[in-house]
Amino acid sequence: MISKFEFEKELNDKQLEAVLAKDGPLLILAGAGSGKTRVLMYKIAWLIETGSARPGEILAVTFTNKAADEMKSRIAKMLPDSNFPYVNTFHSFCVKVLRGSNLDNPFNIYDDSDKKSLLKDIIKQMELDENDYSPAKISSIISSYKNRMQGPEDIEQTSIESMNLTNIYKTYLTKMKSNNAFDFDDLIINGYKAFKNDEPFADNLRKRFKYVLIDEYQDINTAQYMLVKEICRENKNITVVGDDDQSIYRFRGADMSIMLRFEKDYPDAKVVRLEQNYRSTGKILEAANALMTNNKMRKKKTLWTDKGDGEKINLMVYQDGKTEAHSVIMKIKELYKSNQYKYGDFAVLYRTNSQSRLFEEACRQEGIPYRIIGANSFYNAKEIKDITAYLHLVLNKKDNVAFKRIINVPRRGIGESAIRRIEEYAEESEISLFEAIEEMVGFSAKQTEEIEKFIKLIKDTSEIAEEADAYTAVKFLIDESKIKESFYNEKGELISAEYLNREANVDEFINSAQDYITTYADTSLAGFMANISLQSDLDHYDENEGTVSLMTFHLTKGLEFPVVFLTGIEDKIIPHFMSISSQSGIEEERRLFYVGITRAEKLLFMTYALKRMNRGMMDYSHPSRFLSEIPQSCIKKIEDRRIPPRSIVGKYHNSSTISSLKGQRNIFDDSGMSKTQEVSFESGDQVKHLIFGKGIVLSSKNGTSKVDFLGKGVKTIVNSFLSRI
């Protein structure tokens with residue numbers, strides 16, 4: 001048994017206070033790098049070791065598989081004799097809930113790619129233009145409604161576009177139901193419904209979970225919040241951990257106000273602030289603290305460390321974006337050659353994915369090993385998507401999306417005209433596409449032969465899946481489908497070098513099935529497919545690899561690196577141009593910048609360029625307004641020597657503090673380098689916007705204009721984002 005004395009040795013005073021707070025609601029405000037995962041693990045261990053709860057009576061929920069696996073691993077080390085089964089993501093927990101509830105039918109889980117594929121078919125059937133109704137955009141809109149527990153009926157009917165969106169949403173729900181499929185949002189919604197609609201089942205779960213712990217509570221959305229409220233309806237032993245200063249996923253539906261009102265939801269809640277940072281040096285934290293004092297929507301906390309001040313933040317100013325990228329990579333090379341750091345110690349962060357290209361090119365030119373985090377996920381490779389579609393169909397014969405993807409993979413002579421016939425027959429008969437090909441006649445002899453083989457393959461694999469483990473079923477399916485053989489020509493030669501990687505991916509997928517059955521108690525194919533459907537790019541991230549990491553600010557959350565470069569620190573990049581028209585948008589961008597700053601352990605570099613290529617034209621830049629919020633005492637300025645003397649840096653940085661940038665809107669000198677002049681419009685002017693297209697100005701004042709964008713509604717836009725037609 002772990003003694004209280006051992007806990008006291010491992011935890012600081014505030015961490016120990018949070019761990020020992022036994023019953024009732026608890027809000028742990030955990031600043032960046034303050035050891036929140038450690039607190040969660042010790043709290044679970046303390047509850048078990050003191051006999052307050054058995055392992056199966058504690059439910060711990062987080063947002064990523066990687067975080068859940070880390071929890072399991074750390075608990076196993078602390079309590080080697082305890083089996084702790086309920087560490088889940090929200091989605092994986094809901095999968096367990098749904099498979100244990102009175103839901104009659106089996107269901108498949110559609111990832112983002114499957115969802116967009118289905119939406120693409122719907123948009124095509126409705127004869128809508130994909131340029132106006134892109135599957136990615138519609139997918140995001142539907143997700144935002146689901147996250148708020150809203151259906152098609154909640155879409156305000158104000159235009160043709162909103163009516164079309166309503167019809168797409170309704171059709172999507174109908175097809176998902178007929179396919180016996182859930183997307184990620186459905187898992188949460190239906191998990192909540194299982195609690196609301198099946199009281200005996202819900203009461204059993206509520207009694208089982210005596211303690212509920214929720215990680216990253218600042219990222220929770222309305223649907224997840226309502227689910228948690230149902231779980232804890234009777235038993236108020238709920239512990240939530242999070243940092244409102246790191247709430248950066250509003251675009252995914254996260255609602256920070258849920259965390260801010262925790263004490264209203266639970267009036268007797270205890271609040272513990274974790275402010276000692278174990279990651280970063282003093283100067284980095286001083287900058288982070290100063291930055292966040294400018295946000296109004298937050299709970300106050302001040303990070304501190306006993307590591308000492310460390311080095312000042314390096315502010316590096318370059319003439320253009322290309323010079324910025326090359327210089328950053330050269331600095332990494334220099335630090336690597338000093339033998340103080342390995343390449344895996346470096347992270348280059350940027351606000352948008354489009355900024356990665358210049359850094360990627362610079363890495364290649366200098367022979368620096370790198371990888372872009374969040375791109376080209378293994379599970380998004382075509383051959384892997386094909387195999388998972390086969391397996392989805394094996395588990396659920398009504399999955400029409402999976403059927404359409406693989407009915408002609410490998411090629412078996414089932415072209416588009418044949419597929420249209422199958423769809424028409426299925427629709428008329430009100431059956432699935434797979435059921436349709438079992439009944440239909442009239443195919444050519446060759447097609448009939450191939451269809452019979454296809455049906456046999458799916459049914460045989462289904463029988464094996466019922467009797468054997470996931471690895472056996474996966475191996476059988478891959479062998480019998482001849483997917484790997486399709487990578488070779490008639491002479492037995494690979495069609496191209498690309499197919500070597502495809503073959504390797506197929507082999508790796510078989511490995512993943514083997515890994516799964518040796519790791520998880522549920523070795524079934526259904527369990528394996530649920531597991532890989534819930535994977536994310538960062539679940540496969542390994543910070544110990546010897547490569548420089550290139551990633552967006554958003555993807556770096558939860559990670560840390562000895563050396564961090566924050567690049568493109570310019571207005572309209574960070575804060576992003578789509579966010580600067582509202583206070584809430586600015587505050588979220590400031591939180592995003594804060595997340596970037598607090599990833600650094602030892603060295604932090606911030607860079608910006610005086611000009612940057614924009615849609616093929618060189619455009620002058622403004623340093624980010626956030627730089628004006630960082631104390632001069634934290635900054636060490638490094639300038640590109642090729643910058644003309646009468647530049648931004650010369651005029652505003654040489655003899656004054658960084659804070660002198662505050663309030664400066666035109667920070668170039670009078671030598672003709674000013675990026676924009678004051679733009680004004682009058683009612684009736686025809687204008688164009690990068691995102692919303694053409695429109696007519698209705699009114700204009702105080703640097704903003706109210707514009708009626710044709711087909712997209714009336715919007716208020718900052719004048720500098722508009723151009724005359």
# chains A, B, ... in the order shown; residues from 1 in each chain; ligands from 1

call {"tool": "residues_around", "arguments": {"residues": "Met297 in chain A", "least_positions_apart": "3", "cutoff": "9 Å", "atoms": "only C-alpha atoms", "output": "PyMOL selection string"}}
result
chain A and resi 244+257+260+584+587

call {"tool": "write_last_selection", "arguments": {"atoms": "N, CA and C atoms", "output": "CSV table (one decimal), in the first residue's frame"}}
result
chain,number,residue,atom,x,y,z
A,244,ASP,N,-8.3,26.8,-18.3
A,244,ASP,CA,-9.0,27.7,-19.3
A,244,ASP,C,-8.1,28.5,-20.2
A,257,SER,N,-16.8,28.2,-21.5
A,257,SER,CA,-17.7,28.7,-20.4
A,257,SER,C,-18.2,27.6,-19.5
A,260,LEU,N,-15.8,27.5,-16.8
A,260,LEU,CA,-15.9,28.7,-16.0
A,260,LEU,C,-17.1,28.7,-15.1
A,584,SER,N,-13.8,37.8,-28.4
A,584,SER,CA,-13.6,36.4,-28.1
A,584,SER,C,-12.6,35.7,-29.0
A,587,GLU,N,-9.1,36.7,-27.9
A,587,GLU,CA,-8.8,36.0,-26.7
A,587,GLU,C,-8.4,34.5,-26.9

call {"tool": "residues_around", "arguments": {"residues": "Ile329 in chain A", "least_positions_apart": "2", "cutoff": "9 Å", "atoms": "only C-alpha atoms", "output": "list in words"}}
result
Glu324, Ala325, His326, Ser327, Lys331, Ile332, Lys333, Glu334, Val348, Phe359, Ala362, Cys363, Glu366 and Ile368 of chain A

call {"tool": "write_last_selection", "arguments": {"atoms": "C-alpha atoms", "output": "PDB file, in the first residue's frame"}}
result
ATOM      1  CA  GLU A 324      12.822  33.350 -41.859  1.00  0.00           C
ATOM      2  CA  ALA A 325      12.409  29.646 -42.649  1.00  0.00           C
ATOM      3  CA  HIS A 326      15.997  29.118 -43.793  1.00  0.00           C
ATOM      4  CA  SER A 327      17.431  30.996 -40.790  1.00  0.00           C
ATOM      5  CA  LYS A 331      19.779  27.897 -36.112  1.00  0.00           C
ATOM      6  CA  ILE A 332      18.529  24.387 -35.378  1.00  0.00           C
ATOM      7  CA  LYS A 333      21.535  22.977 -37.226  1.00  0.00           C
ATOM      8  CA  GLU A 334      23.870  25.204 -35.205  1.00  0.00           C
ATOM      9  CA  VAL A 348       8.890  24.600 -35.220  1.00  0.00           C
ATOM     10  CA  PHE A 359      10.348  25.084 -43.453  1.00  0.00           C
ATOM     11  CA  ALA A 362      14.688  24.451 -45.863  1.00  0.00           C
ATOM     12  CA  CYS A 363      15.020  21.152 -43.983  1.00  0.00           C
ATOM     13  CA  GLU A 366      20.104  21.470 -45.283  1.00  0.00           C
ATOM     14  CA  ILE A 368      17.826  18.090 -41.588  1.00  0.00           C
TER      15      ILE A 368
END

call {"tool": "atom_distance", "arguments": {"atom1": "CA of Asp243 in chain A", "atom2": "CA of Ile28 in chain A"}}
result
8.4 Å

call {"tool": "select_by_dssp", "arguments": {"residues": "range 15-75 of chain A", "states": "strand (DSSP E)", "output": "PDB file with N, CA and C atoms, in the first residue's frame"}}
result
ATOM      1  N   LEU A  26     -14.905  18.661  -7.369  1.00  0.00           N
ATOM      2  CA  LEU A  26     -13.583  19.280  -7.240  1.00  0.00           C
ATOM      3  C   LEU A  26     -13.156  19.828  -8.593  1.00  0.00           C
ATOM      4  N   LEU A  27     -12.774  21.105  -8.619  1.00  0.00           N
ATOM      5  CA  LEU A  27     -12.233  21.743  -9.816  1.00  0.00           C
ATOM      6  C   LEU A  27     -10.745  21.986  -9.598  1.00  0.00           C
ATOM      7  N   ILE A  28      -9.903  21.339 -10.430  1.00  0.00           N
ATOM      8  CA  ILE A  28      -8.459  21.534 -10.353  1.00  0.00           C
ATOM      9  C   ILE A  28      -8.049  22.408 -11.531  1.00  0.00           C
ATOM     10  N   LEU A  29      -7.682  23.652 -11.237  1.00  0.00           N
ATOM     11  CA  LEU A  29      -7.192  24.564 -12.263  1.00  0.00           C
ATOM     12  C   LEU A  29      -5.696  24.319 -12.419  1.00  0.00           C
ATOM     13  N   ALA A  30      -5.345  23.610 -13.472  1.00  0.00           N
ATOM     14  CA  ALA A  30      -3.964  23.148 -13.647  1.00  0.00           C
ATOM     15  C   ALA A  30      -3.281  23.956 -14.735  1.00  0.00           C
ATOM     16  N   ILE A  58     -14.161   3.482 -10.534  1.00  0.00           N
ATOM     17  CA  ILE A  58     -13.610   4.791 -10.885  1.00  0.00           C
ATOM     18  C   ILE A  58     -13.624   4.936 -12.399  1.00  0.00           C
ATOM     19  N   LEU A  59     -14.214   5.992 -12.874  1.00  0.00           N
ATOM     20  CA  LEU A  59     -14.241   6.289 -14.304  1.00  0.00           C
ATOM     21  C   LEU A  59     -13.370   7.515 -14.568  1.00  0.00           C
ATOM     22  N   ALA A  60     -12.342   7.345 -15.412  1.00  0.00           N
ATOM     23  CA  ALA A  60     -11.484   8.461 -15.811  1.00  0.00           C
ATOM     24  C   ALA A  60     -11.658   8.685 -17.307  1.00  0.00           C
ATOM     25  N   VAL A  61     -11.934   9.919 -17.698  1.00  0.00           N
ATOM     26  CA  VAL A  61     -12.222  10.234 -19.096  1.00  0.00           C
ATOM     27  C   VAL A  61     -11.306  11.356 -19.567  1.00  0.00           C
ATOM     28  N   THR A  62     -10.722  11.158 -20.752  1.00  0.00           N
ATOM     29  CA  THR A  62      -9.902  12.198 -21.362  1.00  0.00           C
ATOM     30  C   THR A  62     -10.264  12.299 -22.843  1.00  0.00           C
TER      31      THR A  62
END

call {"tool": "closest_residue", "arguments": {"among": "A:Ser624, A:Leu274, A:Leu395, A:Glu416", "to": "Ile458 in chain A", "atoms": "only C-alpha atoms"}}
result
A:Leu395

call {"tool": "atom_distance", "arguments": {"atom1": "CA of Lys491 in chain A", "atom2": "CA of Lys385 in chain A"}}
result
26.9 Å

call {"tool": "select_by_dssp", "arguments": {"residues": "range 90-147 of chain A", "states": "alpha helix (DSSP H)", "output": "ChimeraX atom specification"}}
result
/A:90-100,112-125,135-147

call {"tool": "write_last_selection", "arguments": {"atoms": "N, CA and C atoms", "output": "short mmCIF file (atom, residue, chain, number, x, y, z; two decimals), in the first residue's frame"}}
result
data_model
loop_
_atom_site.label_atom_id
_atom_site.label_comp_id
_atom_site.auth_asym_id
_atom_site.auth_seq_id
_atom_site.Cartn_x
_atom_site.Cartn_y
_atom_site.Cartn_z
N PHE A 90 -13.85 10.07 -24.33
CA PHE A 90 -15.31 10.20 -24.36
C PHE A 90 -15.90 9.24 -25.38
N HIS A 91 -15.26 9.15 -26.54
CA HIS A 91 -15.81 8.32 -27.61
C HIS A 91 -15.74 6.83 -27.26
N SER A 92 -14.60 6.38 -26.75
CA SER A 92 -14.48 4.95 -26.44
C SER A 92 -15.41 4.56 -25.29
N PHE A 93 -15.61 5.46 -24.34
CA PHE A 93 -16.55 5.19 -23.25
C PHE A 93 -17.96 5.02 -23.81
N CYS A 94 -18.33 5.90 -24.73
CA CYS A 94 -19.68 5.82 -25.30
C CYS A 94 -19.85 4.56 -26.16
N VAL A 95 -18.78 4.11 -26.82
CA VAL A 95 -18.86 2.83 -27.55
C VAL A 95 -19.22 1.71 -26.58
N LYS A 96 -18.57 1.69 -25.42
CA LYS A 96 -18.87 0.66 -24.42
C LYS A 96 -20.29 0.79 -23.90
N VAL A 97 -20.72 2.03 -23.67
CA VAL A 97 -22.08 2.26 -23.19
C VAL A 97 -23.10 1.75 -24.20
N LEU A 98 -22.91 2.11 -25.45
CA LEU A 98 -23.88 1.74 -26.49
C LEU A 98 -23.92 0.24 -26.72
N ARG A 99 -22.75 -0.40 -26.65
CA ARG A 99 -22.72 -1.85 -26.87
C ARG A 99 -23.24 -2.62 -25.66
N GLY A 100 -23.39 -1.93 -24.55
CA GLY A 100 -23.96 -2.58 -23.37
C GLY A 100 -25.40 -2.20 -23.12
N ASP A 112 -13.80 10.80 -40.09
CA ASP A 112 -14.04 12.01 -40.87
C ASP A 112 -14.06 11.73 -42.37
N SER A 113 -13.18 10.82 -42.81
CA SER A 113 -13.11 10.50 -44.23
C SER A 113 -14.39 9.83 -44.70
N ASP A 114 -14.90 8.87 -43.92
CA ASP A 114 -16.15 8.19 -44.27
C ASP A 114 -17.31 9.18 -44.30
N LYS A 115 -17.32 10.06 -43.32
CA LYS A 115 -18.38 11.06 -43.20
C LYS A 115 -18.40 11.97 -44.43
N LYS A 116 -17.23 12.44 -44.83
CA LYS A 116 -17.14 13.33 -45.99
C LYS A 116 -17.51 12.59 -47.28
N SER A 117 -17.16 11.32 -47.36
CA SER A 117 -17.51 10.53 -48.54
C SER A 117 -19.03 10.43 -48.68
N LEU A 118 -19.72 10.17 -47.58
CA LEU A 118 -21.18 10.10 -47.60
C LEU A 118 -21.79 11.45 -47.96
N LEU A 119 -21.27 12.52 -47.38
CA LEU A 119 -21.77 13.86 -47.68
C LEU A 119 -21.54 14.23 -49.14
N LYS A 120 -20.42 13.78 -49.68
CA LYS A 120 -20.14 14.05 -51.09
C LYS A 120 -21.21 13.42 -51.98
N ASP A 121 -21.61 12.19 -51.65
CA ASP A 121 -22.67 11.51 -52.41
C ASP A 121 -23.99 12.26 -52.29
N ILE A 122 -24.30 12.73 -51.08
CA ILE A 122 -25.56 13.44 -50.85
C ILE A 122 -25.59 14.74 -51.65
N ILE A 123 -24.49 15.48 -51.60
CA ILE A 123 -24.40 16.76 -52.31
C ILE A 123 -24.53 16.54 -53.81
N LYS A 124 -23.94 15.44 -54.29
CA LYS A 124 -24.04 15.11 -55.72
C LYS A 124 -25.48 14.75 -56.08
N GLN A 125 -26.13 13.96 -55.25
CA GLN A 125 -27.52 13.55 -55.51
C GLN A 125 -28.47 14.75 -55.51
N PRO A 135 -17.89 19.02 -48.95
CA PRO A 135 -18.12 18.02 -47.89
C PRO A 135 -17.42 18.36 -46.58
N ALA A 136 -16.20 18.91 -46.69
CA ALA A 136 -15.45 19.24 -45.47
C ALA A 136 -16.17 20.33 -44.68
N LYS A 137 -16.63 21.36 -45.39
CA LYS A 137 -17.32 22.46 -44.72
C LYS A 137 -18.65 22.00 -44.14
N ILE A 138 -19.42 21.24 -44.89
CA ILE A 138 -20.72 20.77 -44.41
C ILE A 138 -20.52 19.83 -43.22
N SER A 139 -19.49 18.99 -43.29
CA SER A 139 -19.18 18.09 -42.18
C SER A 139 -18.93 18.87 -40.90
N SER A 140 -18.17 19.95 -41.02
CA SER A 140 -17.87 20.79 -39.85
C SER A 140 -19.12 21.46 -39.31
N ILE A 141 -19.98 21.93 -40.21
CA ILE A 141 -21.21 22.61 -39.77
C ILE A 141 -22.14 21.63 -39.05
N ILE A 142 -22.31 20.44 -39.62
CA ILE A 142 -23.16 19.43 -38.99
C ILE A 142 -22.61 19.06 -37.62
N SER A 143 -21.28 18.92 -37.55
CA SER A 143 -20.65 18.58 -36.27
C SER A 143 -20.91 19.66 -35.23
N SER A 144 -20.85 20.92 -35.64
CA SER A 144 -21.07 22.01 -34.68
C SER A 144 -22.50 21.97 -34.14
N TYR A 145 -23.47 21.64 -35.00
CA TYR A 145 -24.86 21.50 -34.52
C TYR A 145 -24.99 20.31 -33.57
N LYS A 146 -24.37 19.20 -33.92
CA LYS A 146 -24.45 18.02 -33.05
C LYS A 146 -23.79 18.28 -31.70
N ASN A 147 -22.66 18.98 -31.72
CA ASN A 147 -21.98 19.28 -30.46
C ASN A 147 -22.85 20.11 -29.52
#

call {"tool": "closest_residue", "arguments": {"among": "A:Ile214, A:Ala254, A:Ile464, A:Val401", "to": "Asn180 in chain A", "atoms": "only C-alpha atoms"}}
result
A:Val401

call {"tool": "residues_around", "arguments": {"residues": "range 309-313 of chain A", "least_positions_apart": "3", "cutoff": "9 Å", "atoms": "only C-alpha atoms", "output": "PDB file with C-alpha atoms, in the first residue's frame"}}
result
ATOM      1  CA  SER A 280       9.740  25.954 -18.402  1.00  0.00           C
ATOM      2  CA  THR A 281      12.239  28.507 -17.134  1.00  0.00           C
ATOM      3  CA  GLY A 282      11.327  31.760 -15.379  1.00  0.00           C
ATOM      4  CA  LYS A 283      11.609  34.122 -18.348  1.00  0.00           C
ATOM      5  CA  ILE A 284       9.334  31.940 -20.464  1.00  0.00           C
ATOM      6  CA  LEU A 285       6.727  31.870 -17.700  1.00  0.00           C
ATOM      7  CA  GLU A 286       7.039  35.620 -17.090  1.00  0.00           C
ATOM      8  CA  ALA A 287       6.156  36.200 -20.755  1.00  0.00           C
ATOM      9  CA  THR A 305       9.032  27.784 -11.209  1.00  0.00           C
ATOM     10  CA  ASP A 306      12.038  27.034  -9.046  1.00  0.00           C
ATOM     11  CA  LYS A 602      14.788  25.753 -22.090  1.00  0.00           C
ATOM     12  CA  LEU A 603      14.985  27.923 -25.198  1.00  0.00           C
ATOM     13  CA  LEU A 604      12.219  29.883 -26.905  1.00  0.00           C
ATOM     14  CA  PHE A 605      12.527  31.717 -30.221  1.00  0.00           C
ATOM     15  CA  MET A 606       9.870  33.975 -31.729  1.00  0.00           C
ATOM     16  CA  SER A 633      12.825  42.237 -19.689  1.00  0.00           C
ATOM     17  CA  CYS A 634      11.965  38.832 -21.223  1.00  0.00           C
ATOM     18  CA  ILE A 635      13.217  39.632 -24.742  1.00  0.00           C
ATOM     19  CA  LYS A 636      16.571  39.420 -26.493  1.00  0.00           C
ATOM     20  CA  LYS A 637      16.247  40.851 -30.007  1.00  0.00           C
TER      21      LYS A 637
END

call {"tool": "atom_distance", "arguments": {"atom1": "CA of Arg420 in chain A", "atom2": "CA of Ala181 in chain A"}}
result
21.8 Å

call {"tool": "closest_residue", "arguments": {"among": "A:Asn167, A:Ser134, A:Ser683, A:Ser432", "to": "Ala402 in chain A", "atoms": "only C-alpha atoms"}}
result
A:Ser432

call {"tool": "closest_residue", "arguments": {"among": "A:Leu555, A:Met292, A:Ala473, A:Leu494", "to": "Ile510 in chain A", "atoms": "only C-alpha atoms"}}
result
A:Ala473

call {"tool": "residues_around", "arguments": {"residues": "range 161-166 of chain A", "least_positions_apart": "4", "cutoff": "9 Å", "atoms": "only C-alpha atoms", "output": "PyMOL selection string"}}
result
chain A and resi 126+128+132-133+138+141-142+151-157+170-171+711-712

call {"tool": "write_last_selection", "arguments": {"atoms": "C-alpha atoms", "output": "PDB file, in the first residue's frame"}}
result
ATOM      1  CA  MET A 126     -29.006  16.937 -54.601  1.00  0.00           C
ATOM      2  CA  LEU A 128     -25.495  21.066 -55.598  1.00  0.00           C
ATOM      3  CA  ASP A 132     -20.493  26.089 -52.523  1.00  0.00           C
ATOM      4  CA  TYR A 133     -21.210  22.994 -50.446  1.00  0.00           C
ATOM      5  CA  ILE A 138     -20.715  20.766 -44.412  1.00  0.00           C
ATOM      6  CA  ILE A 141     -21.210  22.608 -39.772  1.00  0.00           C
ATOM      7  CA  ILE A 142     -23.164  19.433 -38.985  1.00  0.00           C
ATOM      8  CA  GLY A 151     -30.722  18.819 -35.252  1.00  0.00           C
ATOM      9  CA  PRO A 152     -31.739  19.974 -38.753  1.00  0.00           C
ATOM     10  CA  GLU A 153     -34.854  21.620 -37.309  1.00  0.00           C
ATOM     11  CA  ASP A 154     -32.615  24.048 -35.390  1.00  0.00           C
ATOM     12  CA  ILE A 155     -31.131  25.578 -38.547  1.00  0.00           C
ATOM     13  CA  GLU A 156     -32.662  29.012 -39.067  1.00  0.00           C
ATOM     14  CA  GLN A 157     -34.281  29.174 -42.502  1.00  0.00           C
ATOM     15  CA  LYS A 170     -31.712  15.460 -42.763  1.00  0.00           C
ATOM     16  CA  THR A 171     -30.558  13.199 -45.596  1.00  0.00           C
ATOM     17  CA  GLY A 711     -25.922  34.272 -51.330  1.00  0.00           C
ATOM     18  CA  LYS A 712     -23.956  34.335 -48.065  1.00  0.00           C
TER      19      LYS A 712
END

call {"tool": "decode", "arguments": {"residues": "range 611-635 of chain A", "atoms": "N, CA and C atoms", "output": "mmCIF file, in the first residue's frame"}}
result
data_model
loop_
_atom_site.group_PDB
_atom_site.id
_atom_site.type_symbol
_atom_site.label_atom_id
_atom_site.label_comp_id
_atom_site.auth_asym_id
_atom_site.auth_seq_id
_atom_site.Cartn_x
_atom_site.Cartn_y
_atom_site.Cartn_z
ATOM 1 N N LYS A 611 8.021 41.100 -44.606
ATOM 2 C CA LYS A 611 7.150 40.928 -45.766
ATOM 3 C C LYS A 611 7.033 39.436 -46.050
ATOM 4 N N ARG A 612 5.940 39.084 -46.696
ATOM 5 C CA ARG A 612 5.636 37.670 -46.879
ATOM 6 C C ARG A 612 4.837 37.501 -48.164
ATOM 7 N N MET A 613 5.092 36.416 -48.874
ATOM 8 C CA MET A 613 4.365 36.152 -50.110
ATOM 9 C C MET A 613 2.913 35.809 -49.793
ATOM 10 N N ASN A 614 1.986 36.464 -50.471
ATOM 11 C CA ASN A 614 0.570 36.250 -50.250
ATOM 12 C C ASN A 614 -0.136 36.153 -51.595
ATOM 13 N N ARG A 615 -0.570 34.937 -51.952
ATOM 14 C CA ARG A 615 -1.232 34.693 -53.241
ATOM 15 C C ARG A 615 -0.396 35.207 -54.411
ATOM 16 N N GLY A 616 0.904 34.946 -54.346
ATOM 17 C CA GLY A 616 1.790 35.292 -55.446
ATOM 18 C C GLY A 616 2.305 36.714 -55.421
ATOM 19 N N MET A 617 1.866 37.513 -54.454
ATOM 20 C CA MET A 617 2.305 38.909 -54.352
ATOM 21 C C MET A 617 3.034 39.112 -53.027
ATOM 22 N N MET A 618 4.102 39.926 -53.053
ATOM 23 C CA MET A 618 4.815 40.229 -51.823
ATOM 24 C C MET A 618 4.020 41.259 -51.024
ATOM 25 N N ASP A 619 3.751 40.949 -49.770
ATOM 26 C CA ASP A 619 2.906 41.785 -48.925
ATOM 27 C C ASP A 619 3.683 42.154 -47.669
ATOM 28 N N TYR A 620 3.574 43.392 -47.221
ATOM 29 C CA TYR A 620 4.258 43.804 -45.996
ATOM 30 C C TYR A 620 3.445 43.400 -44.770
ATOM 31 N N SER A 621 4.146 43.116 -43.674
ATOM 32 C CA SER A 621 3.521 42.535 -42.486
ATOM 33 C C SER A 621 3.615 43.466 -41.291
ATOM 34 N N HIS A 622 2.688 43.296 -40.363
ATOM 35 C CA HIS A 622 2.733 43.957 -39.065
ATOM 36 C C HIS A 622 3.148 42.923 -38.016
ATOM 37 N N PRO A 623 4.088 43.238 -37.133
ATOM 38 C CA PRO A 623 4.353 42.320 -36.019
ATOM 39 C C PRO A 623 3.075 42.097 -35.216
ATOM 40 N N SER A 624 2.903 40.909 -34.664
ATOM 41 C CA SER A 624 1.705 40.588 -33.905
ATOM 42 C C SER A 624 1.528 41.535 -32.725
ATOM 43 N N ARG A 625 0.292 41.934 -32.515
ATOM 44 C CA ARG A 625 -0.034 42.782 -31.365
ATOM 45 C C ARG A 625 0.310 42.087 -30.050
ATOM 46 N N PHE A 626 0.374 40.738 -30.067
ATOM 47 C CA PHE A 626 0.692 40.010 -28.839
ATOM 48 C C PHE A 626 2.127 40.269 -28.369
ATOM 49 N N LEU A 627 3.014 40.624 -29.306
ATOM 50 C CA LEU A 627 4.389 40.928 -28.906
ATOM 51 C C LEU A 627 4.447 42.141 -27.985
ATOM 52 N N SER A 628 3.492 43.062 -28.161
ATOM 53 C CA SER A 628 3.474 44.267 -27.325
ATOM 54 C C SER A 628 3.083 43.961 -25.891
ATOM 55 N N GLU A 629 2.576 42.750 -25.639
ATOM 56 C CA GLU A 629 2.117 42.380 -24.305
ATOM 57 C C GLU A 629 3.164 41.614 -23.510
ATOM 58 N N ILE A 630 4.323 41.389 -24.125
ATOM 59 C CA ILE A 630 5.415 40.672 -23.458
ATOM 60 C C ILE A 630 6.423 41.684 -22.923
ATOM 61 N N PRO A 631 6.778 41.608 -21.654
ATOM 62 C CA PRO A 631 7.719 42.586 -21.080
ATOM 63 C C PRO A 631 9.070 42.577 -21.797
ATOM 64 N N GLN A 632 9.638 43.754 -21.960
ATOM 65 C CA GLN A 632 10.954 43.889 -22.591
ATOM 66 C C GLN A 632 12.011 43.095 -21.840
ATOM 67 N N SER A 633 11.832 42.951 -20.507
ATOM 68 C CA SER A 633 12.825 42.237 -19.689
ATOM 69 C C SER A 633 12.939 40.764 -20.069
ATOM 70 N N CYS A 634 11.944 40.242 -20.821
ATOM 71 C CA CYS A 634 11.965 38.832 -21.223
ATOM 72 C C CYS A 634 12.612 38.627 -22.584
ATOM 73 N N ILE A 635 12.880 39.724 -23.326
ATOM 74 C CA ILE A 635 13.217 39.632 -24.742
ATOM 75 C C ILE A 635 14.686 39.937 -25.027
#
